[in-house]
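Structure file my_file_22.txt (compact mmCIF, N, CA and C atoms and all ligand atoms) is printed below.
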# COMPACT_ATOMS: atom_id res chain seq x y z
N MET A 18 0.86 -1.19 0.00
CA MET A 18 0.00 0.00 0.00
C MET A 18 0.89 1.24 0.00
N THR A 19 0.72 2.06 -1.00
CA THR A 19 1.51 3.29 -1.06
C THR A 19 0.78 4.41 -0.32
N ALA A 20 1.55 5.42 0.06
CA ALA A 20 0.96 6.57 0.74
C ALA A 20 0.06 7.33 -0.24
N PRO A 21 -0.96 8.00 0.25
CA PRO A 21 -1.86 8.73 -0.65
C PRO A 21 -1.17 9.93 -1.29
N HIS A 22 -1.58 10.23 -2.51
CA HIS A 22 -1.12 11.40 -3.24
C HIS A 22 -2.33 12.19 -3.67
N ALA A 23 -2.10 13.43 -4.13
CA ALA A 23 -3.19 14.25 -4.64
C ALA A 23 -3.37 13.99 -6.13
N CYS A 24 -4.61 13.93 -6.57
CA CYS A 24 -4.93 13.80 -8.00
C CYS A 24 -4.34 15.00 -8.74
N ALA A 25 -3.67 14.73 -9.88
CA ALA A 25 -3.03 15.81 -10.64
C ALA A 25 -4.05 16.76 -11.27
N VAL A 26 -5.31 16.36 -11.36
CA VAL A 26 -6.32 17.23 -11.95
C VAL A 26 -7.08 18.01 -10.89
N CYS A 27 -7.64 17.32 -9.90
CA CYS A 27 -8.57 18.00 -8.98
C CYS A 27 -8.02 18.20 -7.58
N GLY A 28 -6.95 17.52 -7.22
CA GLY A 28 -6.36 17.71 -5.90
C GLY A 28 -6.95 16.80 -4.84
N PHE A 29 -8.02 16.07 -5.16
CA PHE A 29 -8.54 15.09 -4.21
C PHE A 29 -7.57 13.91 -4.13
N GLN A 30 -7.73 13.09 -3.11
CA GLN A 30 -6.81 11.97 -2.91
C GLN A 30 -6.85 11.01 -4.11
N ASP A 31 -5.65 10.57 -4.52
CA ASP A 31 -5.60 9.62 -5.64
C ASP A 31 -6.21 8.29 -5.20
N ARG A 32 -6.70 7.54 -6.18
CA ARG A 32 -7.32 6.23 -5.92
C ARG A 32 -6.61 5.13 -6.70
N GLY A 33 -5.31 5.33 -6.92
CA GLY A 33 -4.51 4.28 -7.54
C GLY A 33 -4.46 4.33 -9.05
N PHE A 34 -4.99 5.37 -9.69
CA PHE A 34 -4.91 5.51 -11.14
C PHE A 34 -3.63 6.27 -11.46
N ILE A 35 -2.76 5.65 -12.25
CA ILE A 35 -1.43 6.19 -12.50
C ILE A 35 -1.20 6.34 -14.00
N PHE A 36 -0.57 7.47 -14.39
CA PHE A 36 -0.22 7.70 -15.79
C PHE A 36 1.29 7.84 -15.90
N VAL A 37 1.88 6.97 -16.72
CA VAL A 37 3.30 7.07 -17.05
C VAL A 37 3.37 7.31 -18.55
N ASP A 38 3.93 8.45 -18.95
CA ASP A 38 3.98 8.80 -20.37
C ASP A 38 5.04 7.95 -21.06
N PRO A 39 4.63 7.05 -21.97
CA PRO A 39 5.60 6.16 -22.62
C PRO A 39 6.56 6.91 -23.53
N HIS A 40 6.17 8.11 -23.97
CA HIS A 40 7.03 8.90 -24.86
C HIS A 40 7.96 9.82 -24.09
N ARG A 41 7.77 9.91 -22.78
CA ARG A 41 8.59 10.78 -21.93
C ARG A 41 8.95 10.03 -20.66
N PRO A 42 9.91 9.11 -20.78
CA PRO A 42 10.24 8.29 -19.60
C PRO A 42 10.74 9.10 -18.41
N ALA A 43 11.28 10.30 -18.65
CA ALA A 43 11.78 11.12 -17.55
C ALA A 43 10.67 11.95 -16.89
N ALA A 44 9.48 11.99 -17.53
CA ALA A 44 8.38 12.78 -16.97
C ALA A 44 7.91 12.16 -15.66
N PRO A 45 7.46 12.98 -14.74
CA PRO A 45 7.00 12.43 -13.46
C PRO A 45 5.76 11.55 -13.62
N VAL A 46 5.64 10.57 -12.77
CA VAL A 46 4.44 9.74 -12.72
C VAL A 46 3.30 10.61 -12.20
N ARG A 47 2.17 10.58 -12.86
CA ARG A 47 1.00 11.35 -12.42
C ARG A 47 -0.01 10.40 -11.80
N ARG A 48 -0.64 10.85 -10.73
CA ARG A 48 -1.62 10.02 -10.02
C ARG A 48 -2.98 10.71 -10.04
N PHE A 49 -4.05 9.89 -10.04
CA PHE A 49 -5.40 10.44 -10.22
C PHE A 49 -6.41 9.79 -9.29
N CYS A 50 -7.50 10.52 -9.08
CA CYS A 50 -8.58 10.04 -8.24
C CYS A 50 -9.50 9.09 -8.98
N SER A 51 -9.48 9.16 -10.32
CA SER A 51 -10.44 8.40 -11.12
C SER A 51 -9.89 8.15 -12.51
N MET A 52 -10.49 7.17 -13.19
CA MET A 52 -10.13 6.91 -14.58
C MET A 52 -10.49 8.12 -15.45
N HIS A 53 -11.58 8.79 -15.10
CA HIS A 53 -12.01 9.98 -15.85
C HIS A 53 -10.89 11.03 -15.85
N HIS A 54 -10.30 11.32 -14.70
CA HIS A 54 -9.24 12.34 -14.64
C HIS A 54 -7.95 11.84 -15.28
N LEU A 55 -7.67 10.55 -15.17
CA LEU A 55 -6.49 9.99 -15.85
C LEU A 55 -6.63 10.15 -17.36
N LYS A 56 -7.82 9.80 -17.89
CA LYS A 56 -8.05 9.91 -19.35
C LYS A 56 -7.98 11.37 -19.79
N PHE A 57 -8.55 12.27 -18.98
CA PHE A 57 -8.48 13.70 -19.31
C PHE A 57 -7.02 14.13 -19.41
N TRP A 58 -6.22 13.77 -18.40
CA TRP A 58 -4.81 14.18 -18.36
C TRP A 58 -4.04 13.61 -19.54
N SER A 59 -4.21 12.31 -19.80
CA SER A 59 -3.41 11.69 -20.86
C SER A 59 -3.80 12.24 -22.22
N SER A 60 -5.09 12.47 -22.48
CA SER A 60 -5.49 13.00 -23.79
C SER A 60 -5.05 14.46 -23.95
N THR A 61 -5.19 15.26 -22.91
CA THR A 61 -4.78 16.67 -22.98
C THR A 61 -3.27 16.79 -23.10
N SER A 62 -2.57 15.97 -22.36
CA SER A 62 -1.10 15.98 -22.39
C SER A 62 -0.59 15.61 -23.79
N ARG A 63 -1.24 14.63 -24.43
CA ARG A 63 -0.83 14.20 -25.76
C ARG A 63 -1.07 15.31 -26.78
N ARG A 64 -2.22 15.99 -26.66
CA ARG A 64 -2.55 17.07 -27.61
C ARG A 64 -1.63 18.27 -27.46
N ASN A 65 -1.17 18.51 -26.23
CA ASN A 65 -0.41 19.74 -25.95
C ASN A 65 1.07 19.47 -25.66
N ASP A 66 1.62 18.44 -26.31
CA ASP A 66 3.04 18.15 -26.22
C ASP A 66 3.50 17.98 -24.76
N GLY A 67 2.72 17.25 -23.99
CA GLY A 67 3.14 16.92 -22.63
C GLY A 67 2.76 17.96 -21.58
N MET A 68 2.11 19.06 -22.01
CA MET A 68 1.75 20.11 -21.06
C MET A 68 0.24 20.15 -20.87
N VAL A 69 -0.19 20.35 -19.64
CA VAL A 69 -1.60 20.51 -19.34
C VAL A 69 -1.76 21.85 -18.62
N ASP A 70 -2.49 22.79 -19.26
CA ASP A 70 -2.73 24.09 -18.65
C ASP A 70 -4.04 24.01 -17.86
N MET A 71 -3.92 24.06 -16.54
CA MET A 71 -5.09 23.92 -15.69
C MET A 71 -5.80 25.24 -15.45
N THR A 72 -5.21 26.36 -15.87
CA THR A 72 -5.76 27.66 -15.50
C THR A 72 -7.20 27.85 -15.96
N LYS A 73 -7.48 27.59 -17.22
CA LYS A 73 -8.83 27.78 -17.76
C LYS A 73 -9.82 26.86 -17.03
N MET A 74 -9.41 25.63 -16.82
CA MET A 74 -10.27 24.66 -16.14
C MET A 74 -10.53 25.08 -14.69
N GLU A 75 -9.50 25.58 -14.02
CA GLU A 75 -9.66 26.01 -12.63
C GLU A 75 -10.62 27.19 -12.54
N LYS A 76 -10.51 28.14 -13.46
CA LYS A 76 -11.43 29.29 -13.46
C LYS A 76 -12.88 28.85 -13.62
N GLN A 77 -13.11 27.89 -14.53
CA GLN A 77 -14.47 27.39 -14.73
C GLN A 77 -14.94 26.63 -13.50
N ALA A 78 -14.05 25.85 -12.88
CA ALA A 78 -14.43 25.07 -11.70
C ALA A 78 -14.82 25.99 -10.54
N ILE A 79 -14.09 27.10 -10.38
CA ILE A 79 -14.42 28.06 -9.31
C ILE A 79 -15.79 28.68 -9.59
N LYS A 80 -16.04 29.03 -10.85
CA LYS A 80 -17.35 29.58 -11.23
C LYS A 80 -18.45 28.55 -10.97
N ASP A 81 -18.20 27.30 -11.33
CA ASP A 81 -19.20 26.24 -11.13
C ASP A 81 -19.45 25.95 -9.65
N ALA A 82 -18.48 26.30 -8.80
CA ALA A 82 -18.63 26.05 -7.36
C ALA A 82 -19.53 27.08 -6.68
N ARG A 83 -19.84 28.19 -7.39
CA ARG A 83 -20.68 29.24 -6.78
C ARG A 83 -22.04 28.68 -6.34
N ARG A 84 -22.66 27.86 -7.18
CA ARG A 84 -24.00 27.36 -6.87
C ARG A 84 -23.99 26.47 -5.62
N PRO A 85 -23.16 25.42 -5.55
CA PRO A 85 -23.18 24.62 -4.31
C PRO A 85 -22.75 25.43 -3.07
N PHE A 86 -21.88 26.43 -3.28
CA PHE A 86 -21.50 27.31 -2.17
C PHE A 86 -22.73 28.07 -1.68
N ALA A 87 -23.50 28.63 -2.62
CA ALA A 87 -24.72 29.36 -2.25
C ALA A 87 -25.75 28.44 -1.60
N GLU A 88 -25.85 27.21 -2.09
CA GLU A 88 -26.79 26.25 -1.50
C GLU A 88 -26.40 25.93 -0.06
N ALA A 89 -25.10 25.77 0.20
CA ALA A 89 -24.64 25.50 1.56
C ALA A 89 -24.90 26.70 2.48
N LEU A 90 -24.66 27.92 1.95
CA LEU A 90 -24.94 29.12 2.74
C LEU A 90 -26.42 29.20 3.09
N THR A 91 -27.28 28.89 2.12
CA THR A 91 -28.73 28.94 2.34
C THR A 91 -29.14 27.91 3.39
N GLU A 92 -28.63 26.68 3.26
CA GLU A 92 -28.98 25.61 4.21
C GLU A 92 -28.54 25.97 5.63
N LEU A 93 -27.45 26.70 5.75
CA LEU A 93 -26.93 27.06 7.07
C LEU A 93 -27.50 28.39 7.56
N GLY A 94 -28.37 29.01 6.76
CA GLY A 94 -28.97 30.29 7.14
C GLY A 94 -27.98 31.45 7.10
N LEU A 95 -26.96 31.33 6.25
CA LEU A 95 -25.90 32.35 6.17
C LEU A 95 -25.93 33.17 4.89
N MET A 96 -26.98 33.03 4.09
CA MET A 96 -26.99 33.68 2.78
C MET A 96 -27.04 35.20 2.86
N GLU A 97 -27.75 35.76 3.83
CA GLU A 97 -27.97 37.21 3.86
C GLU A 97 -26.69 38.04 3.76
N PRO A 98 -25.67 37.78 4.58
CA PRO A 98 -24.46 38.62 4.47
C PRO A 98 -23.73 38.46 3.13
N PHE A 99 -24.01 37.39 2.40
CA PHE A 99 -23.32 37.14 1.13
C PHE A 99 -24.14 37.58 -0.08
N PHE A 100 -25.43 37.86 0.14
CA PHE A 100 -26.36 38.03 -0.98
C PHE A 100 -25.95 39.14 -1.94
N ASN A 101 -25.47 40.26 -1.44
CA ASN A 101 -25.11 41.39 -2.31
C ASN A 101 -23.62 41.50 -2.59
N ARG A 102 -22.89 40.47 -2.27
CA ARG A 102 -21.45 40.48 -2.56
C ARG A 102 -21.24 40.20 -4.04
N SER A 103 -20.14 40.70 -4.57
CA SER A 103 -19.83 40.51 -5.99
C SER A 103 -19.39 39.06 -6.26
N ALA A 104 -19.47 38.68 -7.53
CA ALA A 104 -18.98 37.36 -7.93
C ALA A 104 -17.50 37.22 -7.60
N GLU A 105 -16.75 38.33 -7.71
CA GLU A 105 -15.31 38.30 -7.40
C GLU A 105 -15.09 37.96 -5.93
N ASP A 106 -15.93 38.53 -5.04
CA ASP A 106 -15.80 38.23 -3.60
C ASP A 106 -16.10 36.76 -3.32
N ILE A 107 -17.15 36.25 -3.95
CA ILE A 107 -17.52 34.84 -3.74
C ILE A 107 -16.40 33.94 -4.28
N ASP A 108 -15.89 34.28 -5.47
CA ASP A 108 -14.80 33.48 -6.05
C ASP A 108 -13.56 33.52 -5.16
N ARG A 109 -13.32 34.65 -4.52
CA ARG A 109 -12.17 34.76 -3.61
C ARG A 109 -12.31 33.79 -2.43
N LEU A 110 -13.53 33.67 -1.89
CA LEU A 110 -13.77 32.74 -0.79
C LEU A 110 -13.59 31.29 -1.25
N ILE A 111 -14.16 30.99 -2.42
CA ILE A 111 -14.03 29.63 -2.96
C ILE A 111 -12.56 29.31 -3.21
N THR A 112 -11.84 30.26 -3.82
CA THR A 112 -10.42 30.06 -4.13
C THR A 112 -9.61 29.83 -2.85
N ALA A 113 -9.92 30.60 -1.80
CA ALA A 113 -9.20 30.42 -0.53
C ALA A 113 -9.40 29.01 0.02
N ALA A 114 -10.64 28.53 -0.02
CA ALA A 114 -10.92 27.18 0.50
C ALA A 114 -10.24 26.11 -0.36
N VAL A 115 -10.35 26.27 -1.68
CA VAL A 115 -9.76 25.28 -2.58
C VAL A 115 -8.24 25.29 -2.48
N THR A 116 -7.65 26.47 -2.42
CA THR A 116 -6.18 26.57 -2.32
C THR A 116 -5.69 25.94 -1.02
N GLY A 117 -6.38 26.21 0.07
CA GLY A 117 -6.01 25.59 1.35
C GLY A 117 -6.11 24.08 1.29
N PHE A 118 -7.16 23.60 0.65
CA PHE A 118 -7.37 22.16 0.51
C PHE A 118 -6.23 21.54 -0.31
N LYS A 119 -5.94 22.14 -1.48
CA LYS A 119 -4.92 21.57 -2.37
C LYS A 119 -3.52 21.62 -1.72
N LYS A 120 -3.21 22.72 -1.03
CA LYS A 120 -1.90 22.82 -0.37
C LYS A 120 -1.77 21.76 0.71
N SER A 121 -2.84 21.51 1.44
CA SER A 121 -2.79 20.47 2.47
C SER A 121 -2.59 19.10 1.83
N MET A 122 -3.30 18.84 0.71
CA MET A 122 -3.14 17.56 0.02
C MET A 122 -1.71 17.40 -0.47
N ASP A 123 -1.12 18.49 -1.00
CA ASP A 123 0.27 18.43 -1.46
C ASP A 123 1.21 18.13 -0.30
N ARG A 124 1.01 18.80 0.83
CA ARG A 124 1.88 18.57 2.00
C ARG A 124 1.77 17.14 2.50
N GLN A 125 0.58 16.56 2.39
CA GLN A 125 0.37 15.21 2.90
C GLN A 125 0.79 14.13 1.91
N SER A 126 1.10 14.55 0.66
CA SER A 126 1.49 13.59 -0.38
C SER A 126 3.01 13.50 -0.44
N PRO A 127 3.58 12.41 0.02
CA PRO A 127 5.03 12.29 -0.01
C PRO A 127 5.54 12.11 -1.44
N LEU A 128 6.71 12.69 -1.74
CA LEU A 128 7.35 12.44 -3.02
C LEU A 128 7.93 11.05 -3.00
N THR A 129 7.95 10.41 -4.16
CA THR A 129 8.60 9.12 -4.27
C THR A 129 9.72 9.24 -5.30
N ASP A 130 10.59 8.25 -5.35
CA ASP A 130 11.75 8.31 -6.25
C ASP A 130 11.34 8.51 -7.70
N ASP A 131 10.19 7.93 -8.09
CA ASP A 131 9.79 8.03 -9.51
C ASP A 131 9.25 9.42 -9.86
N GLU A 132 9.14 10.32 -8.89
CA GLU A 132 8.66 11.66 -9.17
C GLU A 132 9.77 12.70 -9.13
N VAL A 133 10.97 12.32 -8.76
CA VAL A 133 12.06 13.28 -8.73
C VAL A 133 12.46 13.58 -10.17
N PRO A 134 12.45 14.86 -10.57
CA PRO A 134 12.62 15.18 -12.00
C PRO A 134 14.06 15.11 -12.50
N PHE A 135 14.92 14.34 -11.92
CA PHE A 135 16.28 14.17 -12.44
C PHE A 135 16.81 12.80 -12.10
ZN ZN A 201 -9.20 13.99 -9.69

What would you get if you wrote out this structure as structure tokens?
Ligand SMILES: [Zn+2]
Amino acid sequence: MTAPHACAVCGFQDRGFIFVDPHRPAAPVRRFCSMHHLKFWSSTSRRNDGMVDMTKMEKQAIKDARRPFAEALTELGLMEPFFNRSAEDIDRLITAAVTGFKKSMDRQSPLTDDEVPF
């Protein structure tokens, strides 16, 4: 049993799905939470010469998180102070939570020899 790692796409704990690029033996091993994220990574990486730009996807994911965030605020009776806040303010809160989550997952994911880039 290996120690848990963060999924290279979403930052949630990996579930044993691993991608090793056969065309780039020196590239780090990537780990994923699901076959869906592994397939996304491998197809995007192949199209973009081994690079995956997460920025556009992250921006959309933060935007998509507004609705469940609002639903949680409503369920907890906390919507009123947030109701007239800008989308930028809401995105800042979501980003803070997601960034904290991903940094913690990174800290808890030990590096292994196959991930050292030299
Ligand atoms: Zn994932």

Checklist entry - What residues in chain A get the DSSP label alpha helix (DSSP H)? Please answer as an MDAnalysis selection string. => result chainID A and resid 52:64 72:81 83:92 96:99 104:125

Next on the checklist: Just want the residues within 10 Å of ligand ZN 201 (chain A), written as a list in words, counting only C-alpha atoms and all ligand atoms.
Outcome noted: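 The residues within 10 Å of ligand ZN 201 (chain A), counting only C-alpha atoms and all ligand atoms, are Ala23, Cys24, Ala25, Val26, Cys27, Gly28, Phe29, Gln30, Asp31, Arg32, Phe34, Arg48, Phe49, Cys50, Ser51, Met52, His53, His54, Leu55, Phe57 and Trp58 of chain A.
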
Item to check | Given only C-alpha atoms as the counted atoms, nearest of A:Asp70, A:Phe100, A:Arg64, A:Ala114 to Ala82 in chain A | outcome: A:Ala114

Next on the checklist: Using all atoms listed in the file, which protein or nucleic acid residues come within 7 Å of Ile79 in chain A? Drop anything in the same chain fewer than 4 positions from it, and give the result as a ChimeraX atom specification.
Outcome noted: /A:74-75,83,108,111-112

Item to check | Residues flagged strand (DSSP E or B) by DSSP in range 19-132 of chain A, as an MDAnalysis selection string | outcome: chainID A and resid 23 30 34:36 47:49
